[in-house]
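What's in run37.cif: mmCIF, C-alpha atoms
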```cif
data_run
loop_
_atom_site.label_atom_id
_atom_site.label_comp_id
_atom_site.auth_asym_id
_atom_site.auth_seq_id
_atom_site.Cartn_x
_atom_site.Cartn_y
_atom_site.Cartn_z
CA MET A 124 21.59 39.51 -33.50
CA THR A 125 25.05 40.55 -34.62
CA GLY A 126 26.47 39.73 -38.02
CA ALA A 127 24.70 39.47 -41.31
CA ALA A 128 23.13 36.29 -42.57
CA PRO A 129 24.08 35.24 -46.11
CA GLY A 130 20.97 35.60 -48.32
CA ARG A 131 17.71 33.92 -47.40
CA VAL A 132 18.09 31.36 -44.63
CA LEU A 133 15.57 28.99 -43.13
CA VAL A 134 16.03 27.52 -39.68
CA GLY A 135 13.63 24.69 -38.98
CA GLY A 136 12.97 22.33 -36.11
CA VAL A 137 11.80 18.86 -37.17
CA GLY A 138 10.11 16.66 -34.60
CA TYR A 139 7.13 16.12 -32.37
CA ARG A 140 5.66 18.26 -29.60
CA TRP A 141 5.35 16.84 -26.09
CA PHE A 142 7.40 13.73 -26.89
CA GLY A 143 10.30 13.86 -24.48
CA ASP A 144 13.66 14.24 -26.19
CA GLY A 145 11.83 13.93 -29.52
CA SER A 146 10.64 17.49 -28.84
CA PHE A 147 14.19 18.85 -28.57
CA ALA A 148 14.37 20.25 -32.11
CA LEU A 149 11.09 22.12 -31.79
CA LEU A 150 12.13 23.59 -28.46
CA VAL A 151 15.38 24.74 -30.07
CA SER A 152 13.44 26.37 -32.92
CA ASP A 153 11.10 27.99 -30.36
CA ALA A 154 14.12 29.52 -28.58
CA LEU A 155 15.61 30.63 -31.90
CA ALA A 156 12.33 32.24 -32.95
CA ASP A 157 12.58 34.48 -29.86
CA LEU A 158 15.91 35.93 -31.07
CA GLN A 159 16.29 38.96 -33.33
CA TRP A 160 17.47 37.91 -36.79
CA ALA A 161 18.60 39.84 -39.84
CA SER A 162 16.09 40.29 -42.61
CA GLY A 163 15.84 37.15 -44.72
CA VAL A 164 16.17 34.67 -41.84
CA ASP A 165 13.03 32.68 -41.05
CA VAL A 166 12.71 30.34 -38.08
CA LEU A 167 9.91 27.81 -38.46
CA ASP A 168 8.40 24.80 -36.75
CA LEU A 169 8.67 22.05 -39.37
CA GLY A 170 7.08 19.45 -37.13
CA TYR A 171 4.55 18.40 -39.72
CA GLY A 172 4.61 16.01 -42.66
CA ALA A 173 7.67 16.08 -44.89
CA LEU A 174 5.59 16.18 -48.09
CA HIS A 175 3.73 19.27 -46.90
CA VAL A 176 6.95 20.93 -45.74
CA ALA A 177 8.62 20.15 -49.08
CA MET A 178 5.70 21.63 -51.02
CA ASP A 179 5.70 24.73 -48.82
CA LEU A 180 9.45 25.18 -49.32
CA ALA A 181 9.21 24.66 -53.08
CA ASP A 182 6.72 27.56 -53.22
CA VAL A 183 8.96 30.06 -51.39
CA ASP A 184 9.92 32.96 -53.66
CA PRO A 185 12.71 33.85 -53.64
CA PRO A 186 13.92 30.43 -52.50
CA TYR A 187 16.09 29.87 -49.46
CA GLU A 188 19.84 29.84 -50.15
CA ARG A 189 20.66 27.97 -46.95
CA VAL A 190 18.65 25.73 -44.66
CA VAL A 191 19.66 24.78 -41.12
CA LEU A 192 17.58 21.94 -39.72
CA VAL A 193 17.46 20.74 -36.15
CA GLY A 194 16.37 17.17 -35.45
CA VAL A 195 16.55 14.22 -33.13
CA THR A 196 17.68 11.02 -34.81
CA GLU A 197 18.93 7.71 -33.51
CA ARG A 198 21.98 6.85 -35.60
CA GLY A 199 23.94 4.68 -33.15
CA ARG A 200 26.22 7.52 -32.03
CA ALA A 201 27.02 8.41 -28.44
CA PRO A 202 23.69 9.43 -26.88
CA GLY A 203 23.14 12.81 -25.30
CA GLN A 204 25.44 14.54 -27.80
CA LEU A 205 24.87 17.11 -30.54
CA TYR A 206 26.11 16.35 -34.03
CA ARG A 207 26.46 18.59 -37.08
CA PHE A 208 26.59 17.46 -40.67
CA ALA A 209 26.29 18.95 -44.12
CA CYS A 210 23.49 17.19 -45.98
CA ASP A 211 24.09 15.50 -49.31
CA PRO A 212 22.77 17.74 -52.10
CA GLY A 213 22.42 14.81 -54.51
CA ALA A 214 19.14 13.48 -55.82
CA PRO A 215 17.65 10.62 -53.78
CA SER A 216 16.74 7.32 -55.40
CA ALA A 217 13.17 6.78 -56.55
CA GLN A 218 12.78 3.92 -54.07
CA ASP A 219 14.00 6.06 -51.17
CA VAL A 220 11.53 8.79 -52.12
CA GLN A 221 8.67 6.27 -52.34
CA ASP A 222 9.52 4.65 -48.99
CA ARG A 223 9.79 7.97 -47.21
CA MET A 224 6.61 9.34 -48.80
CA TYR A 225 4.76 6.27 -47.55
CA GLU A 226 5.99 6.72 -43.97
CA SER A 227 5.51 10.48 -44.06
CA GLY A 228 1.95 9.99 -45.30
CA ALA A 229 1.37 7.69 -42.34
CA GLY A 230 2.30 10.56 -39.99
CA VAL A 231 5.96 9.83 -39.28
CA ILE A 232 7.88 13.08 -38.76
CA ASP A 233 11.53 12.48 -39.49
CA LEU A 234 14.48 14.65 -40.50
CA ASP A 235 15.67 12.14 -43.11
CA HIS A 236 12.18 12.02 -44.64
CA LEU A 237 12.28 15.80 -45.02
CA LEU A 238 15.75 15.72 -46.57
CA VAL A 239 14.80 13.10 -49.16
CA ILE A 240 11.34 14.43 -50.01
CA GLY A 241 12.50 18.05 -49.90
CA ARG A 242 15.31 17.28 -52.36
CA HIS A 243 12.96 15.35 -54.64
CA PHE A 244 10.49 18.23 -54.92
CA GLY A 245 13.12 20.98 -55.17
CA GLY A 246 12.30 22.62 -51.85
CA LEU A 247 15.83 22.45 -50.46
CA PRO A 248 18.92 24.31 -51.69
CA ASP A 249 22.30 22.60 -51.97
CA ASP A 250 23.45 24.28 -48.74
CA VAL A 251 21.65 22.32 -46.00
CA VAL A 252 23.14 21.66 -42.57
CA ALA A 253 21.62 19.54 -39.82
CA ILE A 254 22.19 19.81 -36.10
CA GLU A 255 21.00 16.61 -34.43
CA LEU A 256 20.61 15.30 -30.95
CA GLU A 257 21.36 11.62 -30.52
CA PRO A 258 18.73 10.74 -27.90
CA HIS A 259 19.08 8.46 -24.94
CA PRO A 260 16.93 5.37 -25.50
CA GLY A 261 13.55 5.39 -23.80
CA THR A 262 13.24 9.14 -23.28
CA THR A 263 9.61 9.49 -24.30
CA SER A 264 7.60 11.53 -21.84
CA ASP A 265 6.05 14.97 -21.98
CA GLN A 266 9.32 16.67 -20.97
CA LEU A 267 12.93 16.70 -22.09
CA SER A 268 15.42 14.59 -20.20
CA PRO A 269 17.78 16.62 -17.98
CA ALA A 270 20.63 15.87 -20.43
CA ALA A 271 18.68 17.21 -23.42
CA GLN A 272 17.49 20.24 -21.43
CA ALA A 273 21.11 21.07 -20.62
CA LEU A 274 22.00 20.97 -24.35
CA LEU A 275 19.37 23.53 -25.44
CA PRO A 276 21.64 26.60 -25.09
CA GLN A 277 24.47 24.84 -26.94
CA ALA A 278 22.14 23.86 -29.80
CA VAL A 279 20.82 27.42 -30.07
CA GLU A 280 24.38 28.72 -30.31
CA LEU A 281 25.39 26.09 -32.90
CA VAL A 282 22.44 27.02 -35.10
CA ARG A 283 23.12 30.74 -34.66
CA ARG A 284 26.70 30.22 -35.86
CA GLU A 285 25.50 28.19 -38.85
CA VAL A 286 23.13 30.95 -39.89
CA LEU A 287 25.84 33.60 -39.67
CA ALA A 288 28.57 31.51 -41.35
CA PRO A 289 29.62 32.27 -44.93
CA ALA A 290 27.64 30.42 -47.59
CA ARG A 291 29.03 27.11 -48.75
CA VAL A 292 27.88 24.45 -51.11
CA PRO A 293 28.66 20.85 -50.16
CA SER A 294 30.74 19.01 -52.73
CA ARG A 295 28.97 16.38 -54.80
CA SER A 296 30.79 13.09 -54.50
#
```
Would you put the structure from the file into structure tokens?
Amino acid sequence: MTGAAPGRVLVGGVGYRWFGDGSFALLVSDALADLQWASGVDVLDLGYGALHVAMDLADVDPPYERVVLVGVTERGRAPGQLYRFACDPGAPSAQDVQDRMYESGAGVIDLDHLLVIGRHFGGLPDDVVAIELEPHPGTTSDQLSPAAQALLPQAVELVRREVLAPARVPSRS
């Protein structure tokens, strides 16, 4: 892998295995794990409960300076597209934490749950970027849809660029 990553970086796929397009993020992280990375870059499957992931991340020493997450989230955008956004580094509300802990404890794996719970427990740095697939409705099978399959190489490249980009801290509004 060319270029040097800035500090310690975590790349994580958040989602379910064998769940159609809901598996996209984990397949992206699988592909990224097969690449050669500079020292300090970890690529992990974060397809388990947000509370457990947050606790694991809070215990990392030294902590990650940047986190790049890959997920699949329905947000009402054009389906079958990849979206990038810098995650809000602010503290979540107590009610949001409670609601997301409840759902996470019930087995719901969700990028937003990880962002809220991870922030609450101090497992995430200020520099967090998400790459998301907006899924087509009704794409739950044991394989990716052809559209999602075609986006895998693009997602891998987007994440690679994020890892190699200069460090930045989102502004607090």
Contact residues around A:Pro269 with all atoms listed in the file at 12 Å, ignoring same-chain residues under 6 positions, as a PDB file with C-alpha atoms, in the frame of the given file:
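Below you can see around_26.pdb, which holds the result:
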```
ATOM      1  CA  GLY A 143      10.300  13.860 -24.480  1.00  0.00           C
ATOM      2  CA  ASP A 144      13.660  14.240 -26.190  1.00  0.00           C
ATOM      3  CA  PHE A 147      14.190  18.850 -28.570  1.00  0.00           C
ATOM      4  CA  GLY A 203      23.140  12.810 -25.300  1.00  0.00           C
ATOM      5  CA  PRO A 258      18.730  10.740 -27.900  1.00  0.00           C
ATOM      6  CA  HIS A 259      19.080   8.460 -24.940  1.00  0.00           C
ATOM      7  CA  THR A 262      13.240   9.140 -23.280  1.00  0.00           C
ATOM      8  CA  LEU A 275      19.370  23.530 -25.440  1.00  0.00           C
TER       9      LEU A 275
END
```
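For the choices A:Ser216, A:Arg200, A:Leu256, A:Gly130, the atom-to-atom distance to A:Ser268 is smallest for A:Leu256 when using only C-alpha atoms.
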| request: Provide the atom CA of A:Ala253 to atom CA of A:Leu192 distance in Å, to one decimal place. | output: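 Answer for the atom CA of A:Ala253 to atom CA of A:Leu192 separation: 4.7 Å.
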Please report, as a Markdown table, each residue of stretch 125-157 of chain A lying at most 12 Å from stretch 179-182 of chain A, together with the nearest pair of atoms and the separation in Å rounded to one decimal; use only C-alpha atoms, and order rows by chain and ascending residue number.
```
| residue | atom | partner | partner_atom | distance |
| --- | --- | --- | --- | --- |
| A:Val132 | CA | A:Leu180 | CA | 11.6 |
| A:Leu133 | CA | A:Leu180 | CA | 9.5 |
| A:Val134 | CA | A:Leu180 | CA | 11.9 |
| A:Gly135 | CA | A:Leu180 | CA | 11.2 |
```
Would you write out those residues with C-alpha atoms, as an mmCIF file, keeping the file's coordinate frame?
```cif
data_model
loop_
_atom_site.group_PDB
_atom_site.id
_atom_site.type_symbol
_atom_site.label_atom_id
_atom_site.label_comp_id
_atom_site.auth_asym_id
_atom_site.auth_seq_id
_atom_site.Cartn_x
_atom_site.Cartn_y
_atom_site.Cartn_z
ATOM 1 C CA VAL A 132 18.090 31.360 -44.630
ATOM 2 C CA LEU A 133 15.570 28.990 -43.130
ATOM 3 C CA VAL A 134 16.030 27.520 -39.680
ATOM 4 C CA GLY A 135 13.630 24.690 -38.980
#
```
| message | I'd like the contact shell of stretch 279-292 of chain A - 9 Å cut-off, all atoms listed in the file, skipping same-chain residues fewer than 6 positions apart - returned as an MDAnalysis selection string. | response | chainID A and resid 124:130 132:134 151:152 154:155 164 188:193 207 212 248:254
Restricting the output to C-alpha atoms, write the selected residues as a PDB file, in the coordinates of the input.
```
ATOM      1  CA  MET A 124      21.590  39.510 -33.500  1.00  0.00           C
ATOM      2  CA  THR A 125      25.050  40.550 -34.620  1.00  0.00           C
ATOM      3  CA  GLY A 126      26.470  39.730 -38.020  1.00  0.00           C
ATOM      4  CA  ALA A 127      24.700  39.470 -41.310  1.00  0.00           C
ATOM      5  CA  ALA A 128      23.130  36.290 -42.570  1.00  0.00           C
ATOM      6  CA  PRO A 129      24.080  35.240 -46.110  1.00  0.00           C
ATOM      7  CA  GLY A 130      20.970  35.600 -48.320  1.00  0.00           C
ATOM      8  CA  VAL A 132      18.090  31.360 -44.630  1.00  0.00           C
ATOM      9  CA  LEU A 133      15.570  28.990 -43.130  1.00  0.00           C
ATOM     10  CA  VAL A 134      16.030  27.520 -39.680  1.00  0.00           C
ATOM     11  CA  VAL A 151      15.380  24.740 -30.070  1.00  0.00           C
ATOM     12  CA  SER A 152      13.440  26.370 -32.920  1.00  0.00           C
ATOM     13  CA  ALA A 154      14.120  29.520 -28.580  1.00  0.00           C
ATOM     14  CA  LEU A 155      15.610  30.630 -31.900  1.00  0.00           C
ATOM     15  CA  VAL A 164      16.170  34.670 -41.840  1.00  0.00           C
ATOM     16  CA  GLU A 188      19.840  29.840 -50.150  1.00  0.00           C
ATOM     17  CA  ARG A 189      20.660  27.970 -46.950  1.00  0.00           C
ATOM     18  CA  VAL A 190      18.650  25.730 -44.660  1.00  0.00           C
ATOM     19  CA  VAL A 191      19.660  24.780 -41.120  1.00  0.00           C
ATOM     20  CA  LEU A 192      17.580  21.940 -39.720  1.00  0.00           C
ATOM     21  CA  VAL A 193      17.460  20.740 -36.150  1.00  0.00           C
ATOM     22  CA  ARG A 207      26.460  18.590 -37.080  1.00  0.00           C
ATOM     23  CA  PRO A 212      22.770  17.740 -52.100  1.00  0.00           C
ATOM     24  CA  PRO A 248      18.920  24.310 -51.690  1.00  0.00           C
ATOM     25  CA  ASP A 249      22.300  22.600 -51.970  1.00  0.00           C
ATOM     26  CA  ASP A 250      23.450  24.280 -48.740  1.00  0.00           C
ATOM     27  CA  VAL A 251      21.650  22.320 -46.000  1.00  0.00           C
ATOM     28  CA  VAL A 252      23.140  21.660 -42.570  1.00  0.00           C
ATOM     29  CA  ALA A 253      21.620  19.540 -39.820  1.00  0.00           C
ATOM     30  CA  ILE A 254      22.190  19.810 -36.100  1.00  0.00           C
TER      31      ILE A 254
END
```
| query | Of the candidates A:Gly163, A:Gly228, A:Pro260, A:Gly213, which one gets nearest to A:Asp184 if we count all atoms listed in the file? | reply | A:Gly163
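Taking only C-alpha atoms into account, A:Val231 lies nearest to A:Leu174 out of the set A:Leu158, A:Leu174, A:Leu149, A:Leu274.
The smallest atom-to-atom distance between A:Gly170 and any of A:Asp265, A:Glu257, A:Asp153, A:Asp211, using all atoms listed in the file, is found for A:Asp153.
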| query | So what does the PyMOL selection byres ((chain A and resi 238) around 10) actually pick up in this one, as a PyMOL selection string? | reply | chain A and resi 173+177+192+210-212+215+220+223+233-237+239-243+246-247+251+253
Restricting the output to C-alpha atoms, write the selected residues as a tab-separated table (two decimals), keeping the file's coordinate frame.
```tsv
chain	number	residue	atom	x	y	z
A	173	ALA	CA	7.67	16.08	-44.89
A	177	ALA	CA	8.62	20.15	-49.08
A	192	LEU	CA	17.58	21.94	-39.72
A	210	CYS	CA	23.49	17.19	-45.98
A	211	ASP	CA	24.09	15.50	-49.31
A	212	PRO	CA	22.77	17.74	-52.10
A	215	PRO	CA	17.65	10.62	-53.78
A	220	VAL	CA	11.53	8.79	-52.12
A	223	ARG	CA	9.79	7.97	-47.21
A	233	ASP	CA	11.53	12.48	-39.49
A	234	LEU	CA	14.48	14.65	-40.50
A	235	ASP	CA	15.67	12.14	-43.11
A	236	HIS	CA	12.18	12.02	-44.64
A	237	LEU	CA	12.28	15.80	-45.02
A	239	VAL	CA	14.80	13.10	-49.16
A	240	ILE	CA	11.34	14.43	-50.01
A	241	GLY	CA	12.50	18.05	-49.90
A	242	ARG	CA	15.31	17.28	-52.36
A	243	HIS	CA	12.96	15.35	-54.64
A	246	GLY	CA	12.30	22.62	-51.85
A	247	LEU	CA	15.83	22.45	-50.46
A	251	VAL	CA	21.65	22.32	-46.00
A	253	ALA	CA	21.62	19.54	-39.82
```
| message | Just to confirm, what's the straight-line distance from atom CA of A:Glu226 to atom CA of A:Ala271 in Å (one decimal)? | response | 26.3 Å
| message | With distances taken over all atoms listed in the file, which residue among A:Ser146, A:Thr196, A:Ser227, A:Gln204 lies nearest A:Gly172? | response |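 Ranked by minimum distance to A:Gly172, first place goes to A:Ser227.
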| field | Among the residues A:Ala214, A:Val195, A:Ala161, A:Ala201, the one that comes closest to A:Gly245 [using all atoms listed in the file] | value |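 Looking only at the distances to A:Gly245, the closest residue turns out to be A:Ala214.
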Can you complete the atoms of stretch 164-176 of chain A to N, CA and C atoms and list them as a PDB file, in the coordinates of the input?
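As written to disk, selection.pdb reads:
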```pdb
ATOM      1  N   VAL A 164      16.041  35.889 -42.644  1.00  0.00           N
ATOM      2  CA  VAL A 164      16.170  34.670 -41.840  1.00  0.00           C
ATOM      3  C   VAL A 164      14.794  34.344 -41.265  1.00  0.00           C
ATOM      4  N   ASP A 165      14.311  33.152 -41.574  1.00  0.00           N
ATOM      5  CA  ASP A 165      13.030  32.680 -41.050  1.00  0.00           C
ATOM      6  C   ASP A 165      13.284  31.489 -40.144  1.00  0.00           C
ATOM      7  N   VAL A 166      12.624  31.466 -39.005  1.00  0.00           N
ATOM      8  CA  VAL A 166      12.710  30.340 -38.080  1.00  0.00           C
ATOM      9  C   VAL A 166      11.317  29.739 -37.993  1.00  0.00           C
ATOM     10  N   LEU A 167      11.215  28.453 -38.370  1.00  0.00           N
ATOM     11  CA  LEU A 167       9.910  27.810 -38.460  1.00  0.00           C
ATOM     12  C   LEU A 167       9.869  26.467 -37.741  1.00  0.00           C
ATOM     13  N   ASP A 168       8.701  26.127 -37.279  1.00  0.00           N
ATOM     14  CA  ASP A 168       8.400  24.800 -36.750  1.00  0.00           C
ATOM     15  C   ASP A 168       8.056  23.928 -37.953  1.00  0.00           C
ATOM     16  N   LEU A 169       8.901  22.967 -38.253  1.00  0.00           N
ATOM     17  CA  LEU A 169       8.670  22.050 -39.370  1.00  0.00           C
ATOM     18  C   LEU A 169       8.229  20.688 -38.859  1.00  0.00           C
ATOM     19  N   GLY A 170       7.552  20.681 -37.753  1.00  0.00           N
ATOM     20  CA  GLY A 170       7.080  19.450 -37.130  1.00  0.00           C
ATOM     21  C   GLY A 170       5.756  19.001 -37.716  1.00  0.00           C
ATOM     22  N   TYR A 171       5.719  18.940 -39.027  1.00  0.00           N
ATOM     23  CA  TYR A 171       4.550  18.400 -39.720  1.00  0.00           C
ATOM     24  C   TYR A 171       5.067  17.588 -40.902  1.00  0.00           C
ATOM     25  N   GLY A 172       4.209  16.959 -41.634  1.00  0.00           N
ATOM     26  CA  GLY A 172       4.610  16.010 -42.660  1.00  0.00           C
ATOM     27  C   GLY A 172       5.610  16.519 -43.668  1.00  0.00           C
ATOM     28  N   ALA A 173       6.590  15.692 -43.976  1.00  0.00           N
ATOM     29  CA  ALA A 173       7.670  16.080 -44.890  1.00  0.00           C
ATOM     30  C   ALA A 173       7.158  16.470 -46.275  1.00  0.00           C
ATOM     31  N   LEU A 174       6.128  15.821 -46.771  1.00  0.00           N
ATOM     32  CA  LEU A 174       5.590  16.180 -48.090  1.00  0.00           C
ATOM     33  C   LEU A 174       5.025  17.602 -48.058  1.00  0.00           C
ATOM     34  N   HIS A 175       4.303  17.925 -47.014  1.00  0.00           N
ATOM     35  CA  HIS A 175       3.730  19.270 -46.900  1.00  0.00           C
ATOM     36  C   HIS A 175       4.826  20.318 -46.726  1.00  0.00           C
ATOM     37  N   VAL A 176       5.824  20.009 -45.915  1.00  0.00           N
ATOM     38  CA  VAL A 176       6.950  20.930 -45.740  1.00  0.00           C
ATOM     39  C   VAL A 176       7.655  21.136 -47.073  1.00  0.00           C
TER      40      VAL A 176
END
```
